[in-house]
Amino acid sequence: MNLTGRVAVITGGAGGIGAALAHRFAAEGAAAVVVADLDADAARAVAAAVGPVAHAAGLDVTAEDQVRALVADTERRYGHIDLFCANAGVATAAGLDAPEADWDRAWRVNVLAHVHSTRAVLPGMLARGQGYLLHTCSAAGLLTAVGDAPYTATKHAAVGLAEWLAVTYRDQGIRVSALCPQGVDTPMLAEGLATGHLGARVIAASGAVLHPDRVADAVIAGLAEERFLILPHPEVAQHARRRAEDPDGWQAGLRKLVRRLRA
Ligand SMILES: NC(=O)c1ccc[n+]([C@@H]2O[C@H](COP(=O)([O-])OP(=O)(O)OC[C@H]3O[C@@H](n4cnc5c(N)ncnc54)[C@H](O)[C@@H]3O)[C@@H](O)[C@H]2O)c1
């Protein structure tokens, strides 16, 4: 898929990776880019900066009725949706003892929101025999986010769901990509680095912390090839291969890195 003339919706579009995608989709010639976010003011600012093809929507992706309303409104305005980017996500920076509310929020934003948005957008896509779902997961969904148990568990679930969707709907014209970056220079990671959180330090020590525009580059290339796994950090493929072939060895290597950073 290329973006020329396409109608795209991006959740979590008000900042970081989502905002970079909005700018890039418009630059690639998208007909419409809907920037949707919990932070409606920030979404409006991004849409204004992107230009006339963009418009903003305030929504909480954990509220299925709001997601359905966003999809219905977009289909009414533009006729259909070509690309739905379920990109909103939350980290908790906590382990097993994360408060129940944080486990719940991570599950609802990082996983259930992908279920809800796909349920809302799929009927229109199936009726047209085509559509594209881009689900922002994370390298944490293929590996492990040290220091964040809810993030690791929910991002693994998000990758599993995206794979299930790809297998189930590909033959009906629905393409699916799971975007799995490692470190990206956005408020989500910057906060952890500023407080010296172990997980953020492990990410920074594991490879380049990319500008969100480089993630957008990888997305454009991945969509063009209609590739399931989009890995802005190529080394994540090597880590995932090593983890699959030798889980104990891979875990030992990660524990060694953690010990080194703690020392
Ligand atoms: N930054 C990284 O290092 C990194 C790495 C891998 C994956 N990711 C993933 O990339 C995606 C985008 O994150 P980012 O790094 O740009 O972080 P970010 O915090 O800058 O952006 C996340 C956006 O999601 C929005 N959001 C959160 N909860 C929401 C809700 N309930 N409803 C609607 N919007 C909501 C926030 O307002 C924010 O604008 C997330 O899914 C994140 O898990 C980030």
# chains A, B, ... in the order shown; residues from 1 in each chain; ligands from 1

$ residues_around --residues "segment 125-129 of chain A" --least-positions-apart "3" --cutoff "7 Å" --atoms "only C-alpha atoms" --output "list in words"
Val121, Leu122, Gln172 and Gly173 of chain A

$ residues_near_ligand --ligand "ligand 1" --cutoff "6 Å" --atoms "only C-alpha atoms and all ligand atoms" --output "VMD selection string"
chain A and resid 11 to 18 37 to 39 59 to 62 87 to 90 109 136 to 139 180 to 189

$ write_last_selection --atoms "N, CA and C atoms" --output "compact mmCIF listing (two decimals), in the first residue's frame"
# COMPACT_ATOMS: atom_id res chain seq x y z
N THR A 11 -4.81 6.58 15.99
CA THR A 11 -5.08 6.84 17.41
C THR A 11 -3.75 7.13 18.11
N GLY A 12 -3.80 7.88 19.19
CA GLY A 12 -2.55 8.30 19.82
C GLY A 12 -1.78 9.20 18.87
N GLY A 13 -2.53 9.97 18.07
CA GLY A 13 -1.90 10.77 17.02
C GLY A 13 -1.39 12.12 17.48
N ALA A 14 -1.61 12.43 18.77
CA ALA A 14 -1.29 13.78 19.24
C ALA A 14 0.18 13.98 19.57
N GLY A 15 0.96 12.91 19.55
CA GLY A 15 2.37 13.10 19.91
C GLY A 15 3.20 11.94 19.42
N GLY A 16 4.49 12.02 19.65
CA GLY A 16 5.40 10.91 19.40
C GLY A 16 5.24 10.27 18.03
N ILE A 17 5.14 8.95 18.04
CA ILE A 17 5.09 8.17 16.79
C ILE A 17 3.83 8.51 15.99
N GLY A 18 2.70 8.67 16.68
CA GLY A 18 1.43 8.95 15.98
C GLY A 18 1.49 10.26 15.22
N ASP A 37 -6.98 11.34 19.58
CA ASP A 37 -6.21 11.20 20.82
C ASP A 37 -7.08 11.57 22.02
N LEU A 38 -6.67 11.02 23.17
CA LEU A 38 -7.28 11.39 24.44
C LEU A 38 -7.09 12.89 24.69
N ASP A 39 -5.94 13.39 24.29
CA ASP A 39 -5.62 14.81 24.45
C ASP A 39 -6.11 15.55 23.20
N LEU A 59 -10.80 11.32 21.63
CA LEU A 59 -11.48 10.09 22.03
C LEU A 59 -10.61 9.30 23.00
N ASP A 60 -11.30 8.47 23.79
CA ASP A 60 -10.61 7.53 24.66
C ASP A 60 -10.73 6.16 23.99
N VAL A 61 -9.60 5.58 23.57
CA VAL A 61 -9.67 4.32 22.83
C VAL A 61 -10.21 3.17 23.67
N THR A 62 -10.28 3.36 24.99
CA THR A 62 -10.81 2.28 25.83
C THR A 62 -12.34 2.29 25.87
N ASN A 87 -2.58 3.00 17.43
CA ASN A 87 -1.22 3.38 17.86
C ASN A 87 -1.16 3.84 19.31
N ALA A 88 -2.28 4.27 19.89
CA ALA A 88 -2.26 4.72 21.28
C ALA A 88 -1.72 3.59 22.16
N GLY A 89 -0.89 3.93 23.11
CA GLY A 89 -0.36 2.91 24.00
C GLY A 89 0.09 3.54 25.31
N VAL A 90 0.16 2.71 26.35
CA VAL A 90 0.62 3.22 27.65
C VAL A 90 1.61 2.24 28.27
N VAL A 109 -5.90 -0.29 26.98
CA VAL A 109 -5.34 0.59 25.92
C VAL A 109 -4.51 -0.23 24.92
N THR A 136 0.34 -0.61 16.35
CA THR A 136 1.60 -0.32 17.01
C THR A 136 1.70 -1.22 18.24
N CYS A 137 2.62 -2.14 18.17
CA CYS A 137 2.89 -3.02 19.32
C CYS A 137 4.19 -2.51 19.90
N SER A 138 5.25 -3.29 19.88
CA SER A 138 6.53 -2.86 20.44
C SER A 138 7.49 -4.03 20.33
N ALA A 139 8.79 -3.73 20.37
CA ALA A 139 9.77 -4.81 20.52
C ALA A 139 9.48 -5.57 21.82
N CYS A 180 6.79 -2.81 15.56
CA CYS A 180 7.47 -3.21 16.80
C CYS A 180 8.80 -2.47 16.98
N PRO A 181 8.74 -1.18 17.29
CA PRO A 181 10.00 -0.46 17.53
C PRO A 181 10.60 -0.82 18.88
N GLN A 182 11.90 -0.54 19.02
CA GLN A 182 12.54 -0.62 20.34
C GLN A 182 12.52 0.81 20.90
N GLY A 183 13.65 1.46 21.13
CA GLY A 183 13.61 2.80 21.73
C GLY A 183 13.28 3.89 20.71
N VAL A 184 12.31 4.73 21.05
CA VAL A 184 11.95 5.87 20.19
C VAL A 184 11.89 7.11 21.08
N ASP A 185 12.42 8.20 20.55
CA ASP A 185 12.53 9.43 21.34
C ASP A 185 11.17 10.14 21.40
N THR A 186 10.33 9.69 22.33
CA THR A 186 9.01 10.28 22.53
C THR A 186 8.83 10.49 24.03
N PRO A 187 7.77 11.21 24.43
CA PRO A 187 7.56 11.42 25.87
C PRO A 187 7.53 10.13 26.67
N MET A 188 7.03 9.04 26.05
CA MET A 188 6.93 7.76 26.79
C MET A 188 8.30 7.30 27.28
N LEU A 189 9.31 7.36 26.42
CA LEU A 189 10.65 6.89 26.81
C LEU A 189 11.41 8.00 27.54

$ select_by_dssp --residues "segment 100-207 of chain A" --states "helix (DSSP H, G or I)" --output "PyMOL selection string"
chain A and resi 100-128+139-141+149-172+187-195+198-206

$ residues_around --residues "segment 191-197 of chain A" --least-positions-apart "6" --cutoff "9 Å" --atoms "only C-alpha atoms" --output "PyMOL selection string"
chain A and resi 93+147+204

$ residues_around --residues "Leu83 of chain A" --least-positions-apart "2" --cutoff "10 Å" --atoms "only C-alpha atoms" --output "ChimeraX atom specification"
/A:1,3,6-10,33,80-81,85-86,121,125,130-134,175-176,223

$ write_last_selection --atoms "N, CA, C and O atoms" --output "mmCIF file, in the first residue's frame"
data_model
loop_
_atom_site.group_PDB
_atom_site.id
_atom_site.type_symbol
_atom_site.label_atom_id
_atom_site.label_comp_id
_atom_site.auth_asym_id
_atom_site.auth_seq_id
_atom_site.Cartn_x
_atom_site.Cartn_y
_atom_site.Cartn_z
ATOM 1 N N MET A 1 0.840 -1.196 0.000
ATOM 2 C CA MET A 1 0.000 0.000 0.000
ATOM 3 C C MET A 1 0.876 1.247 0.000
ATOM 4 O O MET A 1 1.850 1.323 0.744
ATOM 5 N N LEU A 3 0.409 5.626 0.284
ATOM 6 C CA LEU A 3 -0.555 6.489 0.959
ATOM 7 C C LEU A 3 -1.298 7.441 0.021
ATOM 8 O O LEU A 3 -2.246 8.104 0.445
ATOM 9 N N ARG A 6 -5.155 8.038 0.079
ATOM 10 C CA ARG A 6 -5.739 7.154 1.104
ATOM 11 C C ARG A 6 -6.366 7.932 2.259
ATOM 12 O O ARG A 6 -5.958 9.057 2.568
ATOM 13 N N VAL A 7 -7.305 7.275 2.926
ATOM 14 C CA VAL A 7 -7.922 7.825 4.129
ATOM 15 C C VAL A 7 -7.374 7.044 5.319
ATOM 16 O O VAL A 7 -7.563 5.819 5.400
ATOM 17 N N ALA A 8 -6.670 7.748 6.212
ATOM 18 C CA ALA A 8 -6.017 7.075 7.341
ATOM 19 C C ALA A 8 -6.505 7.654 8.663
ATOM 20 O O ALA A 8 -6.744 8.860 8.780
ATOM 21 N N VAL A 9 -6.648 6.787 9.647
ATOM 22 C CA VAL A 9 -6.988 7.201 11.011
ATOM 23 C C VAL A 9 -5.834 6.765 11.909
ATOM 24 O O VAL A 9 -5.340 5.637 11.774
ATOM 25 N N ILE A 10 -5.412 7.641 12.818
ATOM 26 C CA ILE A 10 -4.304 7.317 13.727
ATOM 27 C C ILE A 10 -4.750 7.601 15.153
ATOM 28 O O ILE A 10 -5.019 8.759 15.502
ATOM 29 N N VAL A 33 -6.274 12.503 6.859
ATOM 30 C CA VAL A 33 -5.583 11.927 8.008
ATOM 31 C C VAL A 33 -6.344 12.364 9.264
ATOM 32 O O VAL A 33 -6.424 13.555 9.555
ATOM 33 N N HIS A 80 -14.963 6.005 3.279
ATOM 34 C CA HIS A 80 -14.399 4.735 3.742
ATOM 35 C C HIS A 80 -13.092 5.026 4.493
ATOM 36 O O HIS A 80 -12.616 6.171 4.483
ATOM 37 N N ILE A 81 -12.522 3.979 5.084
ATOM 38 C CA ILE A 81 -11.200 4.084 5.735
ATOM 39 C C ILE A 81 -10.277 3.069 5.070
ATOM 40 O O ILE A 81 -10.604 1.880 4.998
ATOM 41 N N CYS A 85 -4.715 2.973 12.049
ATOM 42 C CA CYS A 85 -3.509 2.787 12.857
ATOM 43 C C CYS A 85 -3.900 2.814 14.332
ATOM 44 O O CYS A 85 -4.204 3.877 14.882
ATOM 45 N N ALA A 86 -3.923 1.647 14.951
ATOM 46 C CA ALA A 86 -4.190 1.552 16.394
ATOM 47 C C ALA A 86 -2.839 1.762 17.080
ATOM 48 O O ALA A 86 -2.052 0.821 17.231
ATOM 49 N N VAL A 121 -13.995 -1.127 12.376
ATOM 50 C CA VAL A 121 -13.536 -0.746 11.039
ATOM 51 C C VAL A 121 -13.641 -1.898 10.033
ATOM 52 O O VAL A 121 -13.726 -1.671 8.825
ATOM 53 N N MET A 125 -14.295 -2.425 5.645
ATOM 54 C CA MET A 125 -13.153 -2.928 4.861
ATOM 55 C C MET A 125 -13.523 -4.232 4.156
ATOM 56 O O MET A 125 -13.215 -4.426 2.977
ATOM 57 N N GLN A 130 -11.020 -4.749 0.851
ATOM 58 C CA GLN A 130 -9.661 -4.273 1.112
ATOM 59 C C GLN A 130 -9.631 -3.330 2.313
ATOM 60 O O GLN A 130 -10.620 -2.670 2.625
ATOM 61 N N GLY A 131 -8.471 -3.301 2.940
ATOM 62 C CA GLY A 131 -8.269 -2.428 4.090
ATOM 63 C C GLY A 131 -6.963 -2.802 4.748
ATOM 64 O O GLY A 131 -6.446 -3.913 4.532
ATOM 65 N N TYR A 132 -6.429 -1.860 5.516
ATOM 66 C CA TYR A 132 -5.123 -2.108 6.138
ATOM 67 C C TYR A 132 -5.205 -1.738 7.612
ATOM 68 O O TYR A 132 -5.678 -0.668 7.978
ATOM 69 N N LEU A 133 -4.725 -2.649 8.458
ATOM 70 C CA LEU A 133 -4.649 -2.400 9.900
ATOM 71 C C LEU A 133 -3.179 -2.321 10.287
ATOM 72 O O LEU A 133 -2.427 -3.275 10.043
ATOM 73 N N LEU A 134 -2.789 -1.189 10.851
ATOM 74 C CA LEU A 134 -1.424 -1.051 11.378
ATOM 75 C C LEU A 134 -1.540 -0.976 12.894
ATOM 76 O O LEU A 134 -2.109 -0.015 13.429
ATOM 77 N N ARG A 175 -5.076 -6.458 5.047
ATOM 78 C CA ARG A 175 -3.647 -6.577 5.357
ATOM 79 C C ARG A 175 -3.391 -6.036 6.763
ATOM 80 O O ARG A 175 -4.060 -5.095 7.196
ATOM 81 N N VAL A 176 -2.440 -6.649 7.441
ATOM 82 C CA VAL A 176 -2.158 -6.297 8.837
ATOM 83 C C VAL A 176 -0.652 -6.174 9.019
ATOM 84 O O VAL A 176 0.101 -7.028 8.543
ATOM 85 N N LEU A 223 4.620 -0.691 4.875
ATOM 86 C CA LEU A 223 3.300 -0.693 4.226
ATOM 87 C C LEU A 223 3.464 -0.950 2.726
ATOM 88 O O LEU A 223 2.661 -1.664 2.118
#

$ closest_residue --among "A:Leu179, A:Val146, A:Leu198, A:Ala162" --to "Gln251 of chain A" --atoms "only C-alpha atoms"
A:Val146

$ select_by_dssp --residues "segment 43-236 of chain A" --states "strand (DSSP E)" --output "ChimeraX atom specification"
/A:54-58,83-86,131-136,174-179,229-230

$ write_last_selection --atoms "C-alpha atoms" --output "mmCIF file, in the first residue's frame"
data_model
loop_
_atom_site.group_PDB
_atom_site.id
_atom_site.type_symbol
_atom_site.label_atom_id
_atom_site.label_comp_id
_atom_site.auth_asym_id
_atom_site.auth_seq_id
_atom_site.Cartn_x
_atom_site.Cartn_y
_atom_site.Cartn_z
ATOM 1 C CA ALA A 54 -5.896 16.440 8.577
ATOM 2 C CA HIS A 55 -8.610 16.780 11.147
ATOM 3 C CA ALA A 56 -8.612 16.074 14.848
ATOM 4 C CA ALA A 57 -10.843 13.958 17.047
ATOM 5 C CA GLY A 58 -10.819 13.618 20.820
ATOM 6 C CA LEU A 83 -5.758 2.454 6.889
ATOM 7 C CA PHE A 84 -6.528 2.284 10.597
ATOM 8 C CA CYS A 85 -3.509 2.787 12.857
ATOM 9 C CA ALA A 86 -4.190 1.552 16.394
ATOM 10 C CA GLY A 131 -8.269 -2.428 4.090
ATOM 11 C CA TYR A 132 -5.123 -2.108 6.138
ATOM 12 C CA LEU A 133 -4.649 -2.400 9.900
ATOM 13 C CA LEU A 134 -1.424 -1.051 11.378
ATOM 14 C CA HIS A 135 -1.151 -2.007 15.042
ATOM 15 C CA THR A 136 1.602 -0.319 17.012
ATOM 16 C CA ILE A 174 -7.339 -7.258 4.864
ATOM 17 C CA ARG A 175 -3.647 -6.577 5.357
ATOM 18 C CA VAL A 176 -2.158 -6.297 8.837
ATOM 19 C CA SER A 177 1.171 -4.989 10.083
ATOM 20 C CA ALA A 178 2.517 -5.066 13.629
ATOM 21 C CA LEU A 179 4.859 -2.140 14.237
ATOM 22 C CA LEU A 229 6.406 -7.258 11.087
ATOM 23 C CA ILE A 230 7.671 -3.698 10.773
#

$ residues_around --residues "Ala218 of chain A" --least-positions-apart "3" --cutoff "7 Å" --atoms "only C-alpha atoms" --output "PyMOL selection string"
chain A and resi 214-215+221-222+230+232

$ residues_around --residues "Glu163 of chain A" --least-positions-apart "2" --cutoff "10 Å" --atoms "only C-alpha atoms" --output "VMD selection string"
chain A and resid 157 to 161 165 to 168 176 to 178 228 to 229
